[in-house]
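Student: Quick one: the structure is below, questions incoming.
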There are 2 protein chains.
Amino acid sequence: MIRDLVLRHVEDELASGRLRVGDRLPGERTLGSQLGISRASVREGIRVLEAMGVIRTAVGSGPDAGAVVVADTAAGITSALRLHLASSALPVADVVGTRLLLETWAVREAARRRDEPPLEAAQALLDAMDGTEAVEEFLRLDAEFHVTLSRAAGNAVIAAIMTSLRGAIHGYVLAAAPGDWAPMARRLRRQHRNVLAAVRVGDGDRAARLVARHIEGFYRATSA
Amino acid sequence: MIRDLVLRHVEDELASGRLRVGDRLPGERTLGSQLGISRASVREGIRVLEAMGVIRTAVGSGPDAGAVVVADTAAGITSALRLHLASSALPVADVVGTRLLLETWAVREAARRRDEPPLEAAQALLDAMDGTEAVEEFLRLDAEFHVTLSRAAGNAVIAAIMTSLRGAIHGYVLAAAPGDWAPMARRLRRQHRNVLAAVRVGDGDRAARLVARHIEGFYRATSA
């Protein structure tokens with residue numbers, strides 16, 4: 001279909017290396033005449049690419065205007081997952097099962113690698129969580145902590161899926177947070193510290209067991 | 001941003017249950033005036049929703065014209081993954097690692113459940129593969145076989161991710177297929193039958209070991 005021409009063109013340019021992350025796409029008029037389609041069709045294609053996290057567009061007409069290739073690998077997956085969760089085509093229970101699989105693998109792998117920079121970033125997030133009682137801020141840092149741990153496992157595809165899953169369920173998690181937040185926050189803080197400590201000493205089995213209990217416990221507590 | 005209004009609106013309608021799979025979206029003009037944005041902006045939002053697999057649009061002006069809510073849960077993830085693979089933001093090696101994790105889990109789980117309908121569908125795909133020597137047709141059935149096994153594990157999120165991964169790497173796999181296809185086809189047929197047999201007798205450990213060897217072997221053979 002006409003509207004897929006822009007996607008296919010950009011994919012070919014990326015695959016051939018003629019277009020790289022950081023490069024600028026040609027303007028709408030140029031692209032339209034290259035592909036033989038209207039500017040409106042080009043713009044629709046650009047919007048889709050933007051929603052997929054492949055380009056970012058800036059407004060205005062200065063040197064920063066136009067569409068730049070980026071690598072926001074999780075953006076498209078997040079939006080698609082969130083919409084399908086909303087339509088109930090994907091049940092929350094299956095998201096929990098997926099998190100269990102990916103995160104137990106990730107902490108095992110992170111414990112094996114013991115790659116210091118992401119583990120220090122994870123530690124800093126826990127310290128920041130000690131300093132906040134605001135539920136939404138806490139849950140944002142919490143999601144970031146889990147994503148950072150999955151990055152410490154060194155697989156970009158799994159990290160992108162984890163980032164997307166967390167992004168997609170953020171609204172659900174926030175809505176499910178109990179009114180009396182302080183006891184839950186205390187428990188989550190303790191569990192996070194124990195998971196990270198097990199990863200840092202290289203005990204992958206223990207880290208996997210703790211992170212599974214942590215994920216299952218949260219969903220049990222919030223779906224009662 | 002203006003262009004996100006359509007996505008957010010549709011997500012809210014889905015989450016509230018006012019809009020369900022199979023329902024029709026209001027027309028562009030109606031949506032535009034509801035949201036206070038132009039028809040062109042509505043159309044851009046519709047294109048993004050379509051790329052995410054949330055709606056399907058039909059051309060024409062009959063009773064089937066317009067946008068219908070669907071649940072193509074893998075569509076958006078596939079496109080996003082394919083584009084990020086093309087830009088090398090996601091390395092193929094990490095796709096292989098992700099397949100290993102998801103598929104060893106899936107065959108274990110499928111062996112535990114022994115849910116007959118998907119396993120019979122998987123068997124039928126193997127029979128169809130016996131009847132073709134055409135590489136592209138074989139690989140299409142091959143991908144479908146792996147996706148069907150992952151469906152037999154009963155987690156819709158993991159099945160959607162697997163479907164997306166296979167869709168995203170189809171071009172890569174096809175390009176990597178050896179010129180002398182017959183010996184490779186024989187080996188893949190034998191491996192598939194062994195994996196499925198292990199699942200059907202409920203031997204999850206054996207199925208996991210075989211599927212891992214199968215995936216690793218294919219990538220080793222094609223990346224030489």
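By convention in this document, the chains of the structure tokens carry letters A, B, ... by their order, each chain's residues are numbered from 1, and ligands are numbered from 1 in the order they are shown.
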Tell me which protein, DNA and RNA residues are within 8 Å of Gly202 of chain B, counting only C-alpha atoms, leaving out same-chain ones fewer than 4 positions away, and put them as a list in words.

Tutor: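 That gives Ala111, Arg112, Arg114 and Ala198 of chain B.
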
Student: Can you list, as a list in words, every protein, DNA or RNA residue that comes within 12 Å of Glu13 of chain A when you count only C-alpha atoms, leaving out same-chain residues fewer than 5 positions away?

Tutor: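 Returned residues: Val6, Leu7, Arg8, Arg18, Leu19, Arg20, Val21, Asp23, Arg24, Leu25, Pro26 and Val69 of chain A; Leu83, Ala86, Ser87 and Ser88 of chain B.
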
Student: Which residues are near segment 154-161 of chain A? Cut-off 7 Å, only C-alpha atoms, ignore same chain within fewer than 6 positions. Put them as a PyMOL selection string.

Tutor: (chain A and resi 73-74+147) or (chain B and resi 90+94-95+98)

Student: Show which residues sit within 7 Å of Ala208 of chain B, as a ChimeraX atom specification. Count only C-alpha atoms, and ignore same-chain residues fewer than 3 positions away.

Tutor: /B:104,107-108,204-205,211-212

Student: What parts of segment 58-144 of chain A does DSSP call alpha helix (DSSP H)? I'd like the answer as number ranges by chain.

Tutor: A: 75-86, 92-113, 116-130, 135-144

Student: Write out the residues from the selection above, keeping C-alpha atoms, as a CSV table (one decimal), in the first residue's frame.

Tutor:
chain,number,residue,atom,x,y,z
A,75,ALA,CA,9.0,3.1,21.8
A,76,GLY,CA,7.1,1.2,19.2
A,77,ILE,CA,6.8,-2.0,21.2
A,78,THR,CA,5.6,0.0,24.2
A,79,SER,CA,2.8,1.8,22.4
A,80,ALA,CA,1.6,-1.4,20.7
A,81,LEU,CA,1.7,-3.4,23.9
A,82,ARG,CA,-0.2,-0.6,25.8
A,83,LEU,CA,-2.9,-0.5,23.2
A,84,HIS,CA,-3.4,-4.2,23.1
A,85,LEU,CA,-3.4,-4.4,26.9
A,86,ALA,CA,-6.2,-1.7,26.9
A,92,VAL,CA,-2.2,-8.7,32.4
A,93,ALA,CA,-1.5,-12.2,33.8
A,94,ASP,CA,0.5,-13.0,30.7
A,95,VAL,CA,2.5,-9.8,31.2
A,96,VAL,CA,3.4,-11.0,34.7
A,97,GLY,CA,4.4,-14.4,33.3
A,98,THR,CA,6.6,-12.7,30.7
A,99,ARG,CA,8.2,-10.5,33.3
A,100,LEU,CA,9.0,-13.6,35.5
A,101,LEU,CA,10.7,-15.3,32.6
A,102,LEU,CA,12.7,-12.3,31.4
A,103,GLU,CA,13.7,-10.9,34.8
A,104,THR,CA,14.7,-14.2,36.3
A,105,TRP,CA,16.9,-14.8,33.2
A,106,ALA,CA,18.2,-11.2,33.4
A,107,VAL,CA,19.3,-11.2,37.0
A,108,ARG,CA,21.0,-14.6,36.5
A,109,GLU,CA,22.9,-13.2,33.5
A,110,ALA,CA,23.6,-9.9,35.3
A,111,ALA,CA,25.1,-11.9,38.3
A,112,ARG,CA,27.3,-13.9,35.9
A,113,ARG,CA,28.6,-10.8,34.1
A,116,GLU,CA,29.7,-2.6,37.2
A,117,PRO,CA,28.2,0.6,35.4
A,118,PRO,CA,24.6,-0.7,35.1
A,119,LEU,CA,24.8,-2.2,38.6
A,120,GLU,CA,25.9,1.2,40.0
A,121,ALA,CA,23.1,2.9,38.2
A,122,ALA,CA,20.7,0.4,39.7
A,123,GLN,CA,22.1,1.2,43.2
A,124,ALA,CA,21.7,4.9,42.6
A,125,LEU,CA,18.0,4.3,41.7
A,126,LEU,CA,17.5,2.5,45.0
A,127,ASP,CA,19.0,5.4,46.9
A,128,ALA,CA,16.7,7.8,45.1
A,129,MET,CA,13.7,5.5,46.0
A,130,ASP,CA,14.7,5.8,49.7
A,135,VAL,CA,3.8,6.9,44.8
A,136,GLU,CA,4.1,7.9,41.2
A,137,GLU,CA,7.8,9.0,41.5
A,138,PHE,CA,8.5,5.8,43.4
A,139,LEU,CA,7.0,3.6,40.7
A,140,ARG,CA,8.8,5.4,38.0
A,141,LEU,CA,12.1,4.8,39.7
A,142,ASP,CA,11.0,1.2,40.4
A,143,ALA,CA,10.4,0.6,36.7
A,144,GLU,CA,13.7,2.2,35.9

Student: Using only C-alpha atoms, which of B:Arg186, B:Arg3, B:Arg213, B:Arg166 sits nearest chain A?

Tutor: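 Between B:Arg186, B:Arg3, B:Arg213, B:Arg166, the residue approaching chain A most closely is B:Arg3.
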
Student: Nearest to chain B: which of A:Arg39, A:His9, A:Arg200, A:Arg47 is it, counting only C-alpha atoms?

Tutor: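 For chain B, the nearest of the candidates is A:Arg47.
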
Student: Can you pull out every residue from segment 43-162 of chain B that DSSP, working from the backbone, puts in strand (DSSP E), and format the result as a ChimeraX atom specification?

Tutor: /B:55-58,66-69

Student: Find, counting only C-alpha atoms, the residue in B:Arg190, B:Arg43, B:Arg29, B:Arg206 that gets nearest to chain A.

Tutor: B:Arg43

Student: For a quick check of understanding, using only C-alpha atoms, which of B:Ser33, B:Ala40, B:Gly171, B:Ala134 has the smallest distance to Asp12 of chain A?

Tutor: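 Result for the nearest residue to Asp12 of chain A: B:Gly171.
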